Amino acid sequence: MRYASIPFNHNQSGWPAGEHSFSPQPALQSDITADWVIVGAGFAGVAFARRLAEINPKLKIIIVEAHSTQQSASARNSGFVIGLPHNIGSSTAELKKANAYRNLLQEGIRQLEQVISRHHLQCDWERVGKYHCQAEPGNDALLKEYASHLDLMNEPWQMSDSEELYQKLGTRFYSKGIYTPGCVLVNPAQLIAGLNACLPENVQRFDNTPVLGIRYGSMAEVLTPFGVIKTPKVMLATNALSPELRPGLSRQAAMATFASITDPLTDEQLATLPPMQSWGLTPVNAIAGATFRFTSDRRFLIRQHVIPALRGQVNAARTYEATQLHEHLFKKVYPTLSNVKITHTWSGTISVTRNGAPEWGMLNKFLCTAGGCNGAGISKQTVAGTLLADFMMKQDNPHIADMLSLGKANVMPPSPALDIGIALSLMKERYLGRKEI
Ligand SMILES: Cc1cc2nc3c(=O)[nH]c(=O)nc-3n(C[C@H](O)[C@H](O)[C@H](O)COP(=O)(O)OP(=O)(O)OC[C@H]3O[C@@H](n4cnc5c(N)ncnc54)[C@H](O)[C@@H]3O)c2cc1C
């Protein structure tokens, strides 16, 4: 039997911990049985568990997590809770899909808001929208196209020039940007810790319990180092690492991306900038460009650099490369803040599918999955998890049709063709986006 590789990031996230800060659960130490086993405690796994437990409070539901909620990409991301698709497209079919996708993202935000308010979760949830910006002056074809797609979807937006952006963001690095109000900013580490802390009573989580493989007979047997779980049903909430555990041909590839956070600005440093509230900025080129945030506790967050990480591993050397890239970029964007220090750089795995469609639904009679985040997963993986529970438990939910309309992820070629394909597509994106950093 080939055993699964689990995600391993040789670095520590710098998101400030909150009141629900990580409380590790014991690892599984014996053989047990369960009605459902969920592999992975990120947004998809906890949303699935919560909904399943709501539908049937008598089910014995087990979550097994290789590390802890605080090590998942769900805790390590940039905290943009996206309410609108990035790439919309203008054909009738593309527009229909974009509308379905928007419905799903907004439903994901609604569900998160409901849990946050019901359980009074503290996670810096701020409905402040976001700026979608380009650095290169002159060529604003991409922004114009984005604006026309927003119009087609009847979404409000506002264009700002470099000077207006300076007043909002404190930098003249960007030549233009489009503001849209439908995005929430959050501290993702606090959010996912809080979501895990308020799961229903019939959900039990085991941390530091990697699933090494799944054997099939009359039941599924979920193999972990010190215990086997016998169950009729398994949900894979492992996103990028799902090819390690799913049977058959892979439909997702694991990539890693990096984020850094600075010290909070001092009063003197803050005084050199226009008065600013928290804000978030996404780049026109998501692969080459940088995501930036200014947080409510006066820190800058930079997310940039995407590398292949097919088995989920990122070492310290790759992390250090990212720190250097982020330092260079921060000095370029905020030249007057050269004394502001980056305190942490970290990575996390994201899943990429060939055609941008999710991998969602049943994989065999024991196994189902909600994966294929394609780089954005707070709202998307939340709603994908909830809907999968409804789908598996045969509950009516009109959003299931939205989910199905996104299509099915295409099969990935095996290595080494996959590795070559990823390297070429990253090279292309970095070349196209070279003027954005
Ligand atoms: C730096 C960075 C910035 C990002 N920024 C944003 C953003 O601003 N907005 C946004 O929406 N998205 C963002 N993303 C993407 C987002 O984090 C992911 O889409 C989201 O976390 C996916 O959630 P998930 O629950 O599907 O998977 P994950 O969060 O990856 O959770 C999967 C879990 O499965 C566990 N696991 C894997 N294999 C095994 C195994 N064999 N046994 C047991 N457990 C296993 C993992 O340890 C992990 O905890 C970003 C990602 C990164 C890395």
# chains A, B, ... in the order shown; residues from 1 in each chain; ligands from 1
>>> residues_around(residues="range 167-179 of chain A", least_positions_apart="2", cutoff="8 Å", atoms="only C-alpha atoms", output="number ranges by chain")
A: 129-137, 140, 143, 147, 157-165, 181, 273-276, 279, 332-334
>>> write_last_selection(atoms="C-alpha atoms", output="short mmCIF file (atom, residue, chain, number, x, y, z; two decimals), in the first residue's frame")
data_model
loop_
_atom_site.label_atom_id
_atom_site.label_comp_id
_atom_site.auth_asym_id
_atom_site.auth_seq_id
_atom_site.Cartn_x
_atom_site.Cartn_y
_atom_site.Cartn_z
CA GLY A 129 -14.73 45.42 0.54
CA LYS A 130 -11.48 45.28 -1.43
CA TYR A 131 -9.43 47.05 -4.09
CA HIS A 132 -8.43 45.20 -7.26
CA CYS A 133 -5.33 47.05 -8.45
CA GLN A 134 -2.78 47.23 -11.22
CA ALA A 135 0.69 48.66 -10.95
CA GLU A 136 1.63 49.02 -14.63
CA PRO A 137 0.54 52.46 -15.87
CA ASP A 140 -5.53 48.92 -18.20
CA LEU A 143 -9.17 46.33 -15.27
CA ALA A 147 -15.28 46.47 -14.83
CA TRP A 157 -17.79 49.24 -8.32
CA GLN A 158 -15.73 52.39 -8.25
CA MET A 159 -12.52 53.17 -10.21
CA SER A 160 -9.74 55.11 -8.44
CA ASP A 161 -6.62 56.68 -9.95
CA SER A 162 -3.18 56.62 -8.39
CA GLU A 163 -3.72 59.73 -6.22
CA GLU A 164 -7.09 58.51 -4.90
CA LEU A 165 -5.52 55.13 -4.13
CA PRO A 181 -17.83 46.38 -1.51
CA LEU A 273 0.79 57.90 5.80
CA PRO A 274 -2.65 59.36 5.07
CA PRO A 275 -5.19 58.35 7.77
CA MET A 276 -6.09 54.70 6.97
CA TRP A 279 -8.14 47.59 3.78
CA LYS A 332 9.11 49.03 -3.40
CA VAL A 333 5.47 49.61 -2.44
CA TYR A 334 6.18 51.50 0.84
#
>>> residues_around(residues="Pro26 in chain A", least_positions_apart="5", cutoff="12 Å", atoms="only C-alpha atoms", output="ChimeraX atom specification")
/A:63-68,204-209,226
>>> residues_near_ligand(ligand="ligand 1", cutoff="7 Å", atoms="only C-alpha atoms and all ligand atoms", output="number ranges by chain")
A: 4-7, 39-45, 64-69, 71-82, 209-212, 237-242, 245, 256-259, 303, 347-350, 370-371, 373-381
>>> closest_residue(among="A:Glu327, A:Asp297, A:Glu244, A:Glu321", to="Pro264 in chain A", atoms="only C-alpha atoms")
A:Asp297
>>> select_by_dssp(residues="range 123-363 of chain A", states="alpha helix (DSSP H)", output="JSON, numbers by chain")
{"A": [141, 142, 143, 144, 145, 146, 147, 148, 149, 150, 151, 152, 162, 163, 164, 165, 166, 167, 168, 169, 188, 189, 190, 191, 192, 193, 194, 195, 196, 197, 267, 268, 269, 270, 271, 316, 317, 318, 319, 320, 321, 322, 323, 324, 325, 326, 327, 328, 329, 330, 331, 332, 333]}
>>> closest_atom_pairs(of="range 201-263 of chain A", to="range 357-364 of chain A", cutoff="9 Å", atoms="only C-alpha atoms", output="JSON lines")
{"residue": "A:Met235", "atom": "CA", "partner": "A:Met362", "partner_atom": "CA", "distance": 8.9}
{"residue": "A:Asn239", "atom": "CA", "partner": "A:Glu359", "partner_atom": "CA", "distance": 8.8}
{"residue": "A:Arg246", "atom": "CA", "partner": "A:Leu363", "partner_atom": "CA", "distance": 7.6}
{"residue": "A:Pro247", "atom": "CA", "partner": "A:Leu363", "partner_atom": "CA", "distance": 7.7}
{"residue": "A:Gly248", "atom": "CA", "partner": "A:Leu363", "partner_atom": "CA", "distance": 8.8}
{"residue": "A:Arg251", "atom": "CA", "partner": "A:Glu359", "partner_atom": "CA", "distance": 7.1}
{"residue": "A:Gln252", "atom": "CA", "partner": "A:Glu359", "partner_atom": "CA", "distance": 7.7}
>>> select_by_dssp(residues="range 361-406 of chain A", states="strand (DSSP E)", output="JSON, numbers by chain")
{"A": [361, 362, 367, 368, 369, 370, 371]}
>>> closest_residue(among="A:Ala417, A:Leu270, A:Val184, A:Ala423", to="Thr336 in chain A", atoms="only C-alpha atoms")
A:Leu270
>>> residues_around(residues="Gln269 in chain A", least_positions_apart="5", cutoff="9 Å", atoms="only C-alpha atoms", output="list in words")
Thr336, Leu337, Asn339 and Val340 of chain A
>>> residues_around(residues="Thr319 in chain A", least_positions_apart="6", cutoff="12 Å", atoms="only C-alpha atoms", output="JSON list (two decimals) with N, CA and C atoms, in the first residue's frame")
[["chain", "number", "residue", "atom", "x", "y", "z"],
["A", 9, "ASN", "N", 4.73, 22.39, 6.36],
["A", 9, "ASN", "CA", 5.27, 23.72, 6.08],
["A", 9, "ASN", "C", 6.33, 24.03, 7.11],
["A", 10, "HIS", "N", 7.55, 24.23, 6.62],
["A", 10, "HIS", "CA", 8.67, 24.46, 7.53],
["A", 10, "HIS", "C", 8.69, 25.92, 7.97],
["A", 11, "ASN", "N", 7.62, 26.40, 8.58],
["A", 11, "ASN", "CA", 7.51, 27.81, 8.97],
["A", 11, "ASN", "C", 6.30, 27.98, 9.89],
["A", 12, "GLN", "N", 6.19, 29.14, 10.52],
["A", 12, "GLN", "CA", 5.09, 29.40, 11.46],
["A", 12, "GLN", "C", 4.26, 30.58, 10.98],
["A", 13, "SER", "N", 2.95, 30.46, 11.06],
["A", 13, "SER", "CA", 2.07, 31.56, 10.68],
["A", 13, "SER", "C", 2.21, 32.71, 11.69],
["A", 256, "ALA", "N", 1.91, 25.68, -3.48],
["A", 256, "ALA", "CA", 2.05, 26.43, -2.22],
["A", 256, "ALA", "C", 2.13, 27.90, -2.53],
["A", 257, "THR", "N", 1.58, 28.71, -1.66],
["A", 257, "THR", "CA", 1.77, 30.15, -1.76],
["A", 257, "THR", "C", 2.15, 30.68, -0.38],
["A", 258, "PHE", "N", 2.72, 31.90, -0.35],
["A", 258, "PHE", "CA", 3.38, 32.41, 0.86],
["A", 258, "PHE", "C", 2.78, 33.74, 1.31],
["A", 259, "ALA", "N", 2.77, 33.94, 2.62],
["A", 259, "ALA", "CA", 2.35, 35.23, 3.17],
["A", 259, "ALA", "C", 3.36, 35.68, 4.21],
["A", 260, "SER", "N", 3.50, 37.00, 4.35],
["A", 260, "SER", "CA", 4.35, 37.58, 5.41],
["A", 260, "SER", "C", 3.54, 38.64, 6.13],
["A", 304, "GLN", "N", 2.30, 36.64, -1.74],
["A", 304, "GLN", "CA", 2.85, 36.63, -3.10],
["A", 304, "GLN", "C", 3.74, 35.40, -3.25],
["A", 305, "HIS", "N", 3.90, 34.94, -4.49],
["A", 305, "HIS", "CA", 4.79, 33.83, -4.84],
["A", 305, "HIS", "C", 4.01, 32.51, -4.76],
["A", 306, "VAL", "N", 3.98, 31.81, -5.88],
["A", 306, "VAL", "CA", 3.29, 30.51, -5.95],
["A", 306, "VAL", "C", 4.30, 29.50, -6.50],
["A", 307, "ILE", "N", 4.43, 28.37, -5.83],
["A", 307, "ILE", "CA", 5.36, 27.33, -6.31],
["A", 307, "ILE", "C", 4.64, 25.97, -6.33],
["A", 313, "GLN", "N", 4.81, 19.67, 0.59],
["A", 313, "GLN", "CA", 5.96, 19.99, 1.44],
["A", 313, "GLN", "C", 6.61, 21.32, 1.03],
["A", 325, "LEU", "N", 11.73, 37.95, -1.15],
["A", 325, "LEU", "CA", 10.87, 38.55, -2.19],
["A", 325, "LEU", "C", 9.91, 39.55, -1.56],
["A", 326, "HIS", "N", 9.32, 39.18, -0.42],
["A", 326, "HIS", "CA", 8.33, 40.05, 0.22],
["A", 326, "HIS", "C", 8.98, 41.31, 0.78],
["A", 344, "HIS", "N", 7.11, 37.40, 10.33],
["A", 344, "HIS", "CA", 6.86, 35.99, 9.99],
["A", 344, "HIS", "C", 6.64, 35.86, 8.48],
["A", 345, "THR", "N", 7.12, 34.78, 7.92],
["A", 345, "THR", "CA", 6.71, 34.37, 6.56],
["A", 345, "THR", "C", 6.28, 32.92, 6.67],
["A", 346, "TRP", "N", 5.18, 32.60, 6.04],
["A", 346, "TRP", "CA", 4.69, 31.22, 6.11],
["A", 346, "TRP", "C", 4.07, 30.82, 4.78],
["A", 347, "SER", "N", 3.85, 29.51, 4.64],
["A", 347, "SER", "CA", 3.27, 28.99, 3.40],
["A", 347, "SER", "C", 2.03, 28.18, 3.73],
["A", 348, "GLY", "N", 1.30, 27.80, 2.71],
["A", 348, "GLY", "CA", 0.17, 26.89, 2.88],
["A", 348, "GLY", "C", -0.13, 26.29, 1.52]]
>>> residues_around(residues="Asp35 in chain A", least_positions_apart="6", cutoff="10 Å", atoms="only C-alpha atoms", output="VMD selection string")
chain A and resid 58 to 62 229 to 234
>>> decode(residues="range 405-420 of chain A", atoms="N, CA and C atoms", output="CSV table (one decimal), in the first residue's frame")
chain,number,residue,atom,x,y,z
A,405,SER,N,-23.6,23.2,-11.2
A,405,SER,CA,-23.4,23.9,-12.5
A,405,SER,C,-22.0,24.4,-12.7
A,406,LEU,N,-21.2,24.3,-11.6
A,406,LEU,CA,-19.8,24.7,-11.8
A,406,LEU,C,-19.0,23.7,-12.6
A,407,GLY,N,-19.6,22.5,-12.8
A,407,GLY,CA,-18.9,21.4,-13.5
A,407,GLY,C,-18.0,20.6,-12.7
A,408,LYS,N,-17.2,19.8,-13.4
A,408,LYS,CA,-16.3,18.8,-12.7
A,408,LYS,C,-14.9,19.0,-13.1
A,409,ALA,N,-14.0,18.9,-12.1
A,409,ALA,CA,-12.6,19.2,-12.4
A,409,ALA,C,-12.1,18.1,-13.4
A,410,ASN,N,-11.3,18.5,-14.4
A,410,ASN,CA,-10.7,17.6,-15.4
A,410,ASN,C,-9.6,16.8,-14.7
A,411,VAL,N,-9.4,15.6,-15.3
A,411,VAL,CA,-8.3,14.7,-14.9
A,411,VAL,C,-6.9,15.4,-15.1
A,412,MET,N,-6.0,15.3,-14.1
A,412,MET,CA,-4.7,15.8,-14.3
A,412,MET,C,-3.8,14.8,-14.9
A,413,PRO,N,-2.8,15.2,-15.8
A,413,PRO,CA,-1.9,14.2,-16.3
A,413,PRO,C,-1.0,13.7,-15.2
A,414,PRO,N,-0.4,12.6,-15.3
A,414,PRO,CA,0.6,12.1,-14.2
A,414,PRO,C,1.9,12.9,-14.3
A,415,SER,N,2.7,12.8,-13.3
A,415,SER,CA,4.1,13.3,-13.3
A,415,SER,C,4.9,12.4,-14.3
A,416,PRO,N,5.8,12.9,-15.1
A,416,PRO,CA,6.4,14.2,-15.0
A,416,PRO,C,5.7,15.2,-15.9
A,417,ALA,N,4.7,14.8,-16.7
A,417,ALA,CA,4.0,15.8,-17.6
A,417,ALA,C,3.3,16.9,-16.7
A,418,LEU,N,2.8,16.5,-15.5
A,418,LEU,CA,2.1,17.4,-14.7
A,418,LEU,C,3.1,18.5,-14.2
A,419,ASP,N,4.3,18.0,-13.7
A,419,ASP,CA,5.3,19.0,-13.2
A,419,ASP,C,5.8,19.9,-14.3
A,420,ILE,N,5.9,19.4,-15.5
A,420,ILE,CA,6.3,20.3,-16.6
A,420,ILE,C,5.2,21.3,-17.0
